[in-house]
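A.B. asks: The following file, protein27.cif, comprises mmCIF, C-alpha atoms:
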```
data_work
#
loop_
_atom_site.label_atom_id
_atom_site.label_comp_id
_atom_site.auth_asym_id
_atom_site.auth_seq_id
_atom_site.Cartn_x
_atom_site.Cartn_y
_atom_site.Cartn_z
CA MET A 4 68.35 79.85 122.77
CA GLU A 5 68.79 81.07 126.31
CA HIS A 6 72.14 79.92 127.56
CA GLY A 7 73.59 80.49 130.95
CA ALA A 8 77.12 81.66 131.63
CA PRO A 9 79.64 79.73 133.70
CA MET A 10 79.98 82.33 136.45
CA ARG A 11 82.41 81.89 139.32
CA GLU A 12 83.06 84.09 142.35
CA PHE A 13 86.71 84.62 143.19
CA LEU A 14 88.25 87.17 145.54
CA GLY A 15 84.97 89.05 145.61
CA MET A 16 84.98 89.44 141.83
CA SER A 17 82.69 87.59 139.48
CA PHE A 18 84.37 85.85 136.57
CA ASN A 19 82.65 84.60 133.45
CA LEU A 20 84.89 81.60 132.82
CA SER A 21 83.72 81.36 129.22
CA ASN A 22 84.97 84.90 128.57
CA ILE A 23 88.28 84.17 130.20
CA MET A 24 88.77 80.96 128.27
CA MET A 25 87.89 82.56 124.96
CA LEU A 26 90.11 85.56 125.64
CA LEU A 27 92.97 83.19 126.36
CA VAL A 28 92.26 81.18 123.22
CA ALA A 29 92.19 84.34 121.12
CA ALA A 30 95.38 85.62 122.71
CA LEU A 31 97.06 82.27 122.19
CA ILE A 32 96.07 82.09 118.53
CA VAL A 33 97.24 85.65 117.87
CA PHE A 34 100.49 84.99 119.66
CA LEU A 35 101.12 81.76 117.77
CA ILE A 36 100.36 83.34 114.40
CA ALA A 37 102.62 86.29 115.12
CA PHE A 38 105.33 84.22 116.77
CA ILE A 39 105.53 81.55 114.09
CA SER A 40 105.41 83.99 111.22
CA THR A 41 108.24 86.06 112.64
CA ARG A 42 110.65 83.18 113.06
CA ASN A 43 113.78 83.40 110.93
CA LEU A 44 113.14 86.88 109.63
CA LYS A 45 114.74 87.77 106.33
CA LEU A 46 115.53 90.99 104.53
CA LYS A 47 113.87 89.43 101.51
CA PRO A 48 110.60 88.38 103.15
CA THR A 49 108.74 85.22 102.23
CA GLY A 50 105.42 83.64 103.15
CA MET A 51 103.98 84.63 106.50
CA GLN A 52 106.55 87.34 107.05
CA ASN A 53 105.03 89.11 104.08
CA PHE A 54 101.61 88.85 105.66
CA MET A 55 102.76 90.22 109.01
CA GLU A 56 104.59 93.05 107.27
CA TRP A 57 101.44 93.82 105.35
CA VAL A 58 99.49 94.00 108.65
CA MET A 59 102.15 96.29 110.09
CA ASP A 60 102.11 98.58 107.07
CA PHE A 61 98.32 98.57 107.09
CA VAL A 62 98.19 99.75 110.71
CA LYS A 63 101.00 102.18 109.99
CA GLY A 64 98.87 103.61 107.20
CA LEU A 65 95.91 103.95 109.58
CA ILE A 66 98.05 105.84 112.08
CA LYS A 67 99.63 108.02 109.43
CA SER A 68 96.24 109.00 108.03
CA ASN A 69 95.37 110.42 111.45
CA MET A 70 98.53 111.90 112.88
CA ASP A 71 102.18 112.56 112.34
CA TRP A 72 104.28 109.40 112.55
CA ARG A 73 106.51 111.18 115.08
CA ASP A 74 103.55 111.22 117.48
CA GLY A 75 101.81 108.10 116.28
CA GLY A 76 104.74 105.68 116.08
CA ARG A 77 104.32 104.83 119.76
CA PHE A 78 100.81 103.45 119.07
CA HIS A 79 101.99 101.07 116.35
CA VAL A 80 102.32 98.04 118.64
CA LEU A 81 98.97 98.81 120.26
CA GLY A 82 97.31 99.09 116.87
CA ILE A 83 98.70 95.84 115.46
CA THR A 84 97.87 93.90 118.59
CA LEU A 85 94.35 95.35 118.72
CA ILE A 86 93.52 94.61 115.09
CA MET A 87 94.85 91.03 115.25
CA PHE A 88 93.26 90.32 118.61
CA ILE A 89 89.85 91.70 117.71
CA PHE A 90 89.84 90.03 114.30
CA VAL A 91 90.71 86.63 115.75
CA SER A 92 88.18 87.13 118.54
CA ASN A 93 85.48 87.97 116.00
CA MET A 94 86.29 84.84 114.01
CA LEU A 95 86.24 82.49 117.02
CA GLY A 96 82.47 82.43 117.40
CA LEU A 97 81.77 81.73 113.74
CA PRO A 98 82.41 78.01 113.22
CA PHE A 99 80.50 76.77 116.26
CA ALA A 100 79.24 77.51 119.72
CA ILE A 101 79.72 75.04 122.55
CA VAL A 102 77.17 74.76 125.30
CA VAL A 103 77.91 72.57 128.30
CA ASN A 104 75.20 71.92 130.88
CA GLY A 105 73.26 74.94 129.69
CA ASP A 106 76.32 77.19 129.97
CA LEU A 107 77.69 78.78 126.82
CA TRP A 108 81.44 78.16 126.72
CA TRP A 109 82.64 78.70 123.15
CA LYS A 110 81.76 82.05 121.59
CA SER A 111 83.47 85.19 120.40
CA PRO A 112 84.89 87.03 123.41
CA THR A 113 83.91 90.22 121.59
CA ALA A 114 80.26 89.12 121.75
CA ASP A 115 80.35 90.16 125.39
CA PRO A 116 79.90 93.90 126.13
CA THR A 117 82.12 93.69 129.20
CA VAL A 118 85.10 92.72 127.06
CA THR A 119 84.50 95.27 124.31
CA MET A 120 83.75 98.06 126.76
CA THR A 121 86.93 97.24 128.62
CA LEU A 122 88.93 97.56 125.42
CA ALA A 123 87.12 100.77 124.47
CA ALA A 124 87.57 102.31 127.90
CA THR A 125 91.26 101.35 127.82
CA VAL A 126 91.70 103.13 124.51
CA ILE A 127 89.89 106.27 125.71
CA ILE A 128 91.83 106.34 128.98
CA LEU A 129 95.05 105.89 127.00
CA SER A 130 94.09 108.83 124.80
CA HIS A 131 93.64 111.06 127.89
CA TYR A 132 96.89 109.79 129.37
CA TYR A 133 98.91 110.49 126.22
CA GLY A 134 97.09 113.81 125.74
CA ILE A 135 98.27 115.01 129.13
CA ARG A 136 101.73 113.48 128.78
CA LEU A 137 102.54 114.81 125.33
CA LYS A 138 100.84 118.20 125.37
CA GLY A 139 100.87 119.07 129.05
CA LEU A 140 97.89 119.53 131.37
CA GLY A 141 97.32 123.13 130.22
CA GLN A 142 97.02 122.40 126.54
CA TYR A 143 95.08 119.23 127.25
CA SER A 144 92.50 121.14 129.27
CA ALA A 145 92.37 123.93 126.72
CA GLY A 146 91.35 121.30 124.19
CA TYR A 147 87.94 121.11 125.89
CA LEU A 148 87.28 124.77 125.11
CA LYS A 149 88.00 124.47 121.40
CA PRO A 150 86.72 125.49 119.00
CA MET A 151 84.18 127.43 121.16
CA PRO A 152 84.06 127.61 124.98
CA PHE A 153 80.29 127.08 125.10
CA LEU A 154 80.78 123.64 123.53
CA PHE A 155 82.42 122.45 126.74
CA PRO A 156 79.45 120.34 127.92
CA LEU A 157 79.26 118.68 124.52
CA LYS A 158 82.96 117.91 124.67
CA ILE A 159 82.46 116.15 127.99
CA ILE A 160 79.54 114.17 126.63
CA GLU A 161 81.60 113.34 123.56
CA GLU A 162 84.21 111.53 125.63
CA PHE A 163 81.59 109.22 127.15
CA ALA A 164 79.77 108.82 123.86
CA ASN A 165 83.04 107.86 122.19
CA THR A 166 83.71 105.19 124.78
CA LEU A 167 80.21 103.81 124.59
CA THR A 168 79.96 103.75 120.79
CA LEU A 169 83.46 102.34 120.35
CA GLY A 170 82.71 99.40 122.64
CA LEU A 171 79.09 98.77 121.78
CA ARG A 172 79.56 99.01 118.01
CA LEU A 173 81.97 96.11 118.07
CA TYR A 174 79.89 94.17 120.57
CA GLY A 175 76.62 94.75 118.73
CA ASN A 176 77.92 93.60 115.37
CA ILE A 177 79.48 90.42 116.68
CA TYR A 178 76.65 89.65 119.08
CA ALA A 179 74.04 90.07 116.36
CA GLY A 180 76.05 87.81 114.08
CA GLU A 181 76.22 85.10 116.70
CA ILE A 182 72.52 85.40 117.56
CA LEU A 183 71.60 84.81 113.94
CA LEU A 184 74.08 81.94 113.66
CA THR A 185 72.57 80.40 116.80
CA LEU A 186 69.09 80.73 115.33
CA LEU A 187 70.17 79.16 112.05
CA ALA A 188 71.95 76.36 113.91
CA GLY A 189 68.74 75.77 115.89
CA LEU A 190 66.81 75.58 112.64
CA ALA A 191 69.33 73.18 111.13
CA SER A 192 69.20 70.83 114.11
CA ALA A 193 65.41 70.89 114.34
CA SER A 194 64.57 68.66 111.36
CA ALA A 195 65.88 67.31 108.08
CA PHE A 196 63.90 69.96 106.21
CA GLY A 197 65.21 72.61 108.52
CA PHE A 198 68.77 71.40 107.86
CA VAL A 199 68.37 71.75 104.12
CA ALA A 200 66.68 75.12 104.53
CA ALA A 201 69.42 76.39 106.82
CA ILE A 202 72.46 75.45 104.70
CA LEU A 203 72.32 78.37 102.30
CA PRO A 204 71.54 81.20 104.75
CA MET A 205 74.09 79.71 107.17
CA MET A 206 76.84 79.84 104.55
CA ALA A 207 75.81 83.32 103.47
CA TRP A 208 75.69 84.62 107.00
CA GLN A 209 79.00 83.05 107.99
CA GLY A 210 80.64 84.60 104.96
CA PHE A 211 79.07 87.93 105.82
CA SER A 212 80.18 87.55 109.43
CA ILE A 213 83.79 87.06 108.35
CA PHE A 214 83.45 90.30 106.43
CA ILE A 215 81.79 92.02 109.42
CA GLY A 216 84.46 90.70 111.77
CA ALA A 217 87.25 92.08 109.60
CA ILE A 218 85.47 95.41 109.08
CA GLN A 219 84.79 95.81 112.79
CA ALA A 220 88.39 95.08 113.71
CA PHE A 221 89.47 97.68 111.17
CA ILE A 222 86.91 100.24 112.43
CA PHE A 223 87.88 99.70 116.04
CA VAL A 224 91.56 100.35 115.33
CA MET A 225 90.77 103.22 112.98
CA LEU A 226 88.63 104.96 115.62
CA THR A 227 91.23 104.22 118.27
CA MET A 228 93.74 106.15 116.19
CA VAL A 229 91.24 108.94 115.54
CA TYR A 230 90.53 109.41 119.23
CA LEU A 231 94.22 109.21 120.09
CA SER A 232 95.05 111.76 117.43
CA HIS A 233 92.39 114.15 118.75
CA LYS A 234 94.16 114.21 122.05
CA VAL A 235 97.75 113.90 120.88
CA ALA A 236 98.19 115.72 117.59
CA ASP A 237 98.68 119.49 117.47
CA ASP A 238 96.92 120.20 114.21
CA HIS A 239 93.46 119.04 115.20
CA MET B 11 74.80 94.96 135.49
CA PHE B 12 73.26 97.28 132.93
CA PHE B 13 74.41 95.16 129.99
CA ASP B 14 72.92 92.02 131.51
CA HIS B 15 70.05 91.56 129.14
CA LEU B 16 72.47 91.93 126.22
CA VAL B 17 74.83 89.12 127.10
CA LEU B 18 74.67 85.68 125.64
CA GLY B 19 73.99 83.82 128.84
CA ALA B 20 72.92 86.65 131.16
CA THR B 21 73.74 86.61 134.85
CA GLY B 22 72.42 88.44 137.86
CA GLU B 23 75.81 90.00 138.61
CA PHE B 24 76.03 93.75 138.92
CA LEU B 25 79.39 94.08 137.16
CA ASN B 26 81.75 91.46 135.83
CA THR B 27 84.77 93.00 137.49
CA GLY B 28 86.61 89.74 137.05
CA ASP B 29 86.03 89.79 133.30
CA ILE B 30 87.21 93.37 133.07
CA LEU B 31 90.37 92.52 134.94
CA ALA B 32 90.93 89.38 132.86
CA THR B 33 90.42 91.24 129.61
CA LEU B 34 92.89 93.92 130.60
CA VAL B 35 95.50 91.53 131.90
CA ILE B 36 95.24 89.18 128.94
CA PHE B 37 95.32 91.96 126.37
CA ILE B 38 98.21 93.83 127.96
CA LEU B 39 100.16 90.62 128.47
CA LEU B 40 99.55 89.66 124.85
CA MET B 41 100.70 93.08 123.71
CA LEU B 42 103.91 92.93 125.74
CA LEU B 43 104.68 89.37 124.65
CA LEU B 44 104.07 90.19 121.01
CA LYS B 45 106.18 93.30 121.27
CA LYS B 46 109.03 91.24 122.64
CA PHE B 47 108.73 88.18 120.40
CA ALA B 48 107.06 89.31 117.20
CA TRP B 49 106.59 93.01 116.51
CA GLY B 50 109.97 94.06 117.87
CA PRO B 51 112.06 91.76 115.67
CA LEU B 52 109.78 92.35 112.69
CA MET B 53 110.08 96.13 113.05
CA GLY B 54 113.83 95.68 113.39
CA VAL B 55 114.01 93.78 110.14
CA MET B 56 111.82 96.30 108.35
CA GLN B 57 113.97 99.14 109.64
CA GLN B 58 117.08 97.24 108.55
CA ARG B 59 115.62 96.80 105.10
CA GLU B 60 114.77 100.49 104.93
CA ASP B 61 118.36 101.37 105.83
CA LEU B 62 119.69 98.85 103.34
CA ILE B 63 117.59 100.26 100.53
CA ALA B 64 118.59 103.80 101.42
CA SER B 65 122.28 102.88 101.43
CA GLU B 66 121.90 100.91 98.20
CA ILE B 67 120.31 103.90 96.52
CA GLU B 68 123.14 106.07 97.75
CA THR B 69 125.73 103.57 96.50
CA ALA B 70 124.03 103.37 93.14
CA GLU B 71 124.00 107.15 92.90
CA ASN B 72 127.68 107.27 93.80
CA SER B 73 128.69 104.64 91.28
CA ARG B 74 126.59 106.36 88.66
CA GLN B 75 128.52 109.57 89.26
CA GLU B 76 131.76 107.62 89.28
CA SER B 77 131.02 106.01 85.94
CA GLN B 78 129.91 109.35 84.55
CA LYS B 79 133.27 110.76 85.56
CA LEU B 80 135.11 107.81 84.04
CA LEU B 81 133.11 108.17 80.87
CA GLU B 82 134.04 111.84 80.64
CA GLU B 83 137.66 110.92 81.21
CA GLN B 84 137.62 108.21 78.58
CA ARG B 85 135.94 110.53 76.16
CA SER B 86 138.58 113.21 76.59
CA LEU B 87 141.33 110.60 76.33
CA LEU B 88 139.84 109.30 73.13
CA LYS B 89 139.65 112.82 71.77
CA GLU B 90 143.27 113.39 72.66
CA ALA B 91 144.31 110.13 71.05
CA ARG B 92 142.43 111.03 67.94
CA THR B 93 144.16 114.41 67.67
CA GLN B 94 147.49 112.74 68.24
CA ALA B 95 146.82 110.19 65.53
CA GLN B 96 145.82 112.99 63.21
CA GLU B 97 149.06 114.76 63.99
CA ILE B 98 151.11 111.63 63.41
CA VAL B 99 149.46 110.99 60.08
CA GLU B 100 150.04 114.60 59.13
CA THR B 101 153.69 114.43 60.08
CA ALA B 102 154.15 111.13 58.29
CA LYS B 103 152.57 112.60 55.19
CA LYS B 104 154.90 115.57 55.33
CA GLN B 105 157.84 113.32 55.96
CA GLY B 106 156.83 111.13 53.05
CA GLU B 107 156.56 114.14 50.77
CA VAL B 108 160.02 115.33 51.76
CA SER B 109 161.65 111.96 51.27
CA ARG B 110 159.85 111.55 47.96
CA GLN B 111 161.33 114.80 46.75
CA ASP B 112 164.68 113.72 48.09
CA ILE B 113 164.60 110.39 46.36
CA ILE B 114 163.52 111.94 43.09
CA ALA B 115 166.28 114.50 43.27
CA THR B 116 168.88 111.88 44.08
CA ALA B 117 167.64 109.65 41.30
CA ARG B 118 167.72 112.53 38.89
CA THR B 119 171.31 113.46 39.72
CA GLU B 120 172.32 109.85 39.66
CA ALA B 121 170.74 109.40 36.27
CA SER B 122 172.39 112.46 34.83
CA ARG B 123 175.69 111.41 36.28
CA MET B 124 175.37 107.99 34.73
CA LYS B 125 174.36 109.51 31.42
CA ASP B 126 177.36 111.79 31.49
CA SER B 127 179.74 108.97 32.25
CA ALA B 128 178.14 106.90 29.54
CA VAL B 129 178.58 109.72 27.04
CA GLN B 130 182.15 110.08 28.15
CA GLU B 131 182.69 106.37 27.72
CA ILE B 132 181.20 106.39 24.28
CA ALA B 133 183.41 109.29 23.26
CA ASN B 134 186.47 107.51 24.57
CA GLU B 135 185.57 104.32 22.81
CA ARG B 136 184.96 106.19 19.63
CA GLU B 137 188.30 107.92 19.97
CA LYS B 138 189.95 104.60 20.56
CA ALA B 139 188.19 102.98 17.64
CA VAL B 140 189.10 105.87 15.35
CA ALA B 141 192.74 105.56 16.45
CA ALA B 142 192.72 101.84 15.82
CA VAL B 143 191.14 102.29 12.39
CA ARG B 144 193.64 104.97 11.58
CA GLU B 145 196.48 102.62 12.58
CA GLU B 146 195.04 99.89 10.47
CA VAL B 147 194.61 102.20 7.49
CA VAL B 148 198.23 103.31 7.80
CA ALA B 149 199.41 99.73 7.92
CA LEU B 150 197.24 98.75 4.94
CA SER B 151 198.25 101.82 2.98
CA MET B 152 201.84 101.06 3.59
CA LEU B 153 201.41 97.49 2.58
CA ALA B 154 199.55 98.56 -0.50
CA ALA B 155 202.09 101.19 -1.36
CA SER B 156 205.00 98.84 -0.85
CA LYS B 157 203.35 96.35 -3.04
CA VAL B 158 202.63 98.96 -5.69
CA LEU B 159 206.15 100.32 -5.60
CA ASN B 160 207.47 96.91 -5.04
CA LYS B 161 210.08 98.48 -3.13
CA GLU B 162 210.76 98.34 0.48
CA ILE B 163 210.29 101.64 2.05
CA SER B 164 211.27 102.24 5.50
CA GLU B 165 208.33 102.11 7.71
CA GLU B 166 209.89 104.48 10.08
CA ASP B 167 210.62 107.09 7.47
CA ASN B 168 207.29 107.25 5.91
CA ARG B 169 205.01 106.84 8.80
CA GLN B 170 205.12 110.52 9.52
CA LEU B 171 204.19 111.39 6.01
CA ILE B 172 201.32 108.94 5.75
CA ASN B 173 199.81 109.97 9.02
CA GLU B 174 199.75 113.54 7.84
CA THR B 175 198.17 112.58 4.56
CA ILE B 176 195.42 110.62 6.32
CA ALA B 177 194.81 113.41 8.80
CA LYS B 178 194.45 115.75 5.83
CA ALA B 179 192.10 113.35 4.14
CA GLY B 180 190.01 113.10 7.38
CA ASP B 181 189.86 116.88 7.56
CA ILE B 182 188.72 117.19 3.98
CA GLN B 183 186.17 114.57 4.52
#
```
Is it possible to express this structure as structure tokens?
C.D. replies:
Amino acid sequence: MEHGAPMREFLGMSFNLSNIMMLLVAALIVFLIAFISTRNLKLKPTGMQNFMEWVMDFVKGLIKSNMDWRDGGRFHVLGITLIMFIFVSNMLGLPFAIVVNGDLWWKSPTADPTVTMTLAATVIILSHYYGIRLKGLGQYSAGYLKPMPFLFPLKIIEEFANTLTLGLRLYGNIYAGEILLTLLAGLASASAFGFVAAILPMMAWQGFSIFIGAIQAFIFVMLTMVYLSHKVADDH
Amino acid sequence: MFFDHLVLGATGEFLNTGDILATLVIFILLMLLLKKFAWGPLMGVMQQREDLIASEIETAENSRQESQKLLEEQRSLLKEARTQAQEIVETAKKQGEVSRQDIIATARTEASRMKDSAVQEIANEREKAVAAVREEVVALSMLAASKVLNKEISEEDNRQLINETIAKAGDIQ
């Protein structure tokens, strides 16, 4: 159960090579899917182009449900990339985990809190950046005193809570899924009886994890747009 | 790091700064690459389609109006043609009536003229026939008389007398 991580020191920073590899794999898969399905684009779409257009419209719908498209259009690319990247990342850890010399190499990159917190923090920082850029420093600051000035401390806490929950929700769901998959895999490899006993729960849990992975990708992007709209849109 | 006990494969590091950097770089790079190679072109095509549909709808609306106008025009033309046809039929009817009257009148006069000439002819013929019969009667009478008298009487002398007698007889009759 207890696996190590392939840690390396480089330029005074510590790298988890497994994370980096899995991030690259996820990025590569997303890029290939998107790249291949957008070759020879047609006005009358077929096959994968339909799928990619559905993803685009889906994210567009998420953005539109939170803010005016005039404000939100700039987040479209961010939203599509996030949802594809997180979904693929969530799926990566499902089929297997690879452990080499006690180090865990193959897993979901989103099963590491550093990765998810980085994404969450990026989103929150982006929301502050666009808040200041689009509404001006004055209006942005005034936002902390709404609806009541005495709520100011809560507003400050909210920003940190948002970051933490956004990152840890994704991490927790995927991590828990992988823990249980690891346990079931351990049971399956223990004995012949264990193998038989593990088949059904394994299949059920993997199916559920696919569902969880999709839901979490959706929730992450949805909340991203909610937080962005809080800072960017006028009518909130 | 404070997440250490949560990570699959925990380490003693304080903070995985390298991972943070890698995540950021990889994600941002992926986003830029996708924007250039996938999302950009795809959005372009979707925009193009949107424009196409908008222009098609506009064209359809225009041609609908056009055909509506043409239909109106055709309808009024048809109406006009119908009135004209009506007029023509009317005129032809009138014309027909007039020429019918004409023909009848002409025929009538012609018929009466022919009848008149026929009557005239008959009268003439009758006259002629009467004259011929009269002549014959004179000749026969003379022959008869000459035979009765057995004596040659001058035809020239008596003709006048006989003619008178016959005329008198015709009058009495």
A.B. asks: Apply the PyMOL selection byres ((chain A and resi 153-170) around 7) to the structure shown and report the selected residues as a PyMOL selection string.
C.D. replies: chain A and resi 119-120+123-124+127+147-148+151-152+171-174+223
A.B. asks: Chain A residues within 7 Å of chain B, counting only C-alpha atoms: which ones, as a PyMOL selection string?
C.D. replies: chain A and resi 5-8+16-19+22-23+26-27+30+34+37-38+41+44+46+80-81+84+107+115-118+121
A.B. asks: Please report the interatomic distance between CA of Ile182 (chain A) and CA of Pro98 (chain A) in Å with one decimal.
C.D. replies: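 Separating CA of Ile182 (chain A) from CA of Pro98 (chain A) is a distance of 13.1 Å.
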A.B. asks: Between CA of Ala115 (chain B) and CA of Ile132 (chain B), what is the spacing in Å?
C.D. replies: 25.5 Å
A.B. asks: For CA of Glu137 (chain B) and CA of Asp181 (chain B), determine how far apart the two atoms are, in Å to one decimal place.
C.D. replies: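 It comes out at 15.4 Å.
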A.B. asks: Any idea what's packed within 10 Å of Leu184 (chain A), counting only C-alpha atoms, ignoring anything in its chain fewer than 5 positions away? Could you give it as a list in words?
C.D. replies: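 Counting only the stated atoms, we get Gly96, Leu97, Pro98, Phe99, Ala100, Tyr178, Ala179, Gly189, Leu190, Ala201, Pro204, Met205, Met206, Trp208, Gln209 and Ser212 of chain A.
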A.B. asks: Tell me which protein, DNA and RNA residues are within 8 Å of Val148 (chain B), counting only C-alpha atoms, leaving out same-chain ones fewer than 4 positions away, and put them as number ranges by chain.
C.D. replies: B: 144, 152, 169, 172-173, 176
A.B. asks: Keeping just all heavy atoms, export region 45-53 of chain B of this structure as a tab-separated table (two decimals), in the first residue's frame.
C.D. replies:
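Below is the file decode-v5.tsv, written as the result:
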```tsv
chain	number	residue	atom	x	y	z
B	45	LYS	N	-5.09	26.31	-28.17
B	45	LYS	CA	-5.73	27.51	-28.73
B	45	LYS	C	-5.27	27.72	-30.16
B	45	LYS	O	-6.06	28.06	-31.04
B	45	LYS	CB	-5.38	28.73	-27.87
B	45	LYS	CG	-6.17	29.96	-28.29
B	45	LYS	CD	-5.86	31.13	-27.40
B	45	LYS	CE	-6.69	32.32	-27.85
B	45	LYS	NZ	-6.39	33.52	-27.07
B	46	LYS	N	-3.98	27.47	-30.37
B	46	LYS	CA	-3.44	27.70	-31.71
B	46	LYS	C	-3.89	26.62	-32.69
B	46	LYS	O	-4.28	26.92	-33.82
B	46	LYS	CB	-1.91	27.73	-31.63
B	46	LYS	CG	-1.22	27.88	-32.97
B	46	LYS	CD	-0.03	28.82	-32.86
B	46	LYS	CE	0.71	28.93	-34.18
B	46	LYS	NZ	-0.17	29.28	-35.29
B	47	PHE	N	-3.85	25.35	-32.23
B	47	PHE	CA	-4.04	24.25	-33.19
B	47	PHE	C	-5.44	23.66	-33.20
B	47	PHE	O	-5.83	23.05	-34.18
B	47	PHE	CB	-3.03	23.14	-32.91
B	47	PHE	CG	-1.63	23.53	-33.25
B	47	PHE	CD1	-0.69	23.74	-32.26
B	47	PHE	CD2	-1.26	23.71	-34.58
B	47	PHE	CE1	0.60	24.12	-32.58
B	47	PHE	CE2	0.03	24.08	-34.90
B	47	PHE	CZ	0.96	24.29	-33.90
B	48	ALA	N	-6.16	23.81	-32.09
B	48	ALA	CA	-7.47	23.14	-32.05
B	48	ALA	C	-8.63	24.11	-31.83
B	48	ALA	O	-9.51	24.23	-32.67
B	48	ALA	CB	-7.46	22.06	-30.97
B	49	TRP	N	-8.60	24.81	-30.71
B	49	TRP	CA	-9.80	25.62	-30.38
B	49	TRP	C	-9.97	26.76	-31.36
B	49	TRP	O	-11.09	27.07	-31.76
B	49	TRP	CB	-9.72	26.18	-28.96
B	49	TRP	CG	-9.43	25.19	-27.88
B	49	TRP	CD1	-8.76	25.45	-26.72
B	49	TRP	CD2	-9.82	23.81	-27.79
B	49	TRP	NE1	-8.70	24.32	-25.95
B	49	TRP	CE2	-9.33	23.30	-26.57
B	49	TRP	CE3	-10.51	22.95	-28.64
B	49	TRP	CZ2	-9.52	21.99	-26.17
B	49	TRP	CZ3	-10.70	21.65	-28.25
B	49	TRP	CH2	-10.21	21.18	-27.03
B	50	GLY	N	-8.83	27.39	-31.72
B	50	GLY	CA	-8.92	28.54	-32.63
B	50	GLY	C	-9.61	28.17	-33.92
B	50	GLY	O	-10.65	28.75	-34.26
B	51	PRO	N	-9.07	27.19	-34.66
B	51	PRO	CA	-9.72	26.79	-35.92
B	51	PRO	C	-11.16	26.33	-35.73
B	51	PRO	O	-12.03	26.68	-36.52
B	51	PRO	CB	-8.86	25.62	-36.40
B	51	PRO	CG	-7.54	25.82	-35.75
B	51	PRO	CD	-7.79	26.51	-34.47
B	52	LEU	N	-11.39	25.59	-34.64
B	52	LEU	CA	-12.74	25.07	-34.41
B	52	LEU	C	-13.73	26.22	-34.18
B	52	LEU	O	-14.82	26.26	-34.74
B	52	LEU	CB	-12.73	24.14	-33.20
B	52	LEU	CG	-14.00	23.31	-32.99
B	52	LEU	CD1	-14.28	22.48	-34.22
B	52	LEU	CD2	-13.84	22.40	-31.79
B	53	MET	N	-13.28	27.19	-33.36
B	53	MET	CA	-14.14	28.36	-33.12
B	53	MET	C	-14.38	29.12	-34.41
B	53	MET	O	-15.48	29.60	-34.67
B	53	MET	CB	-13.48	29.30	-32.10
B	53	MET	CG	-13.66	28.86	-30.67
B	53	MET	SD	-12.66	29.88	-29.57
B	53	MET	CE	-13.05	29.15	-28.01
```
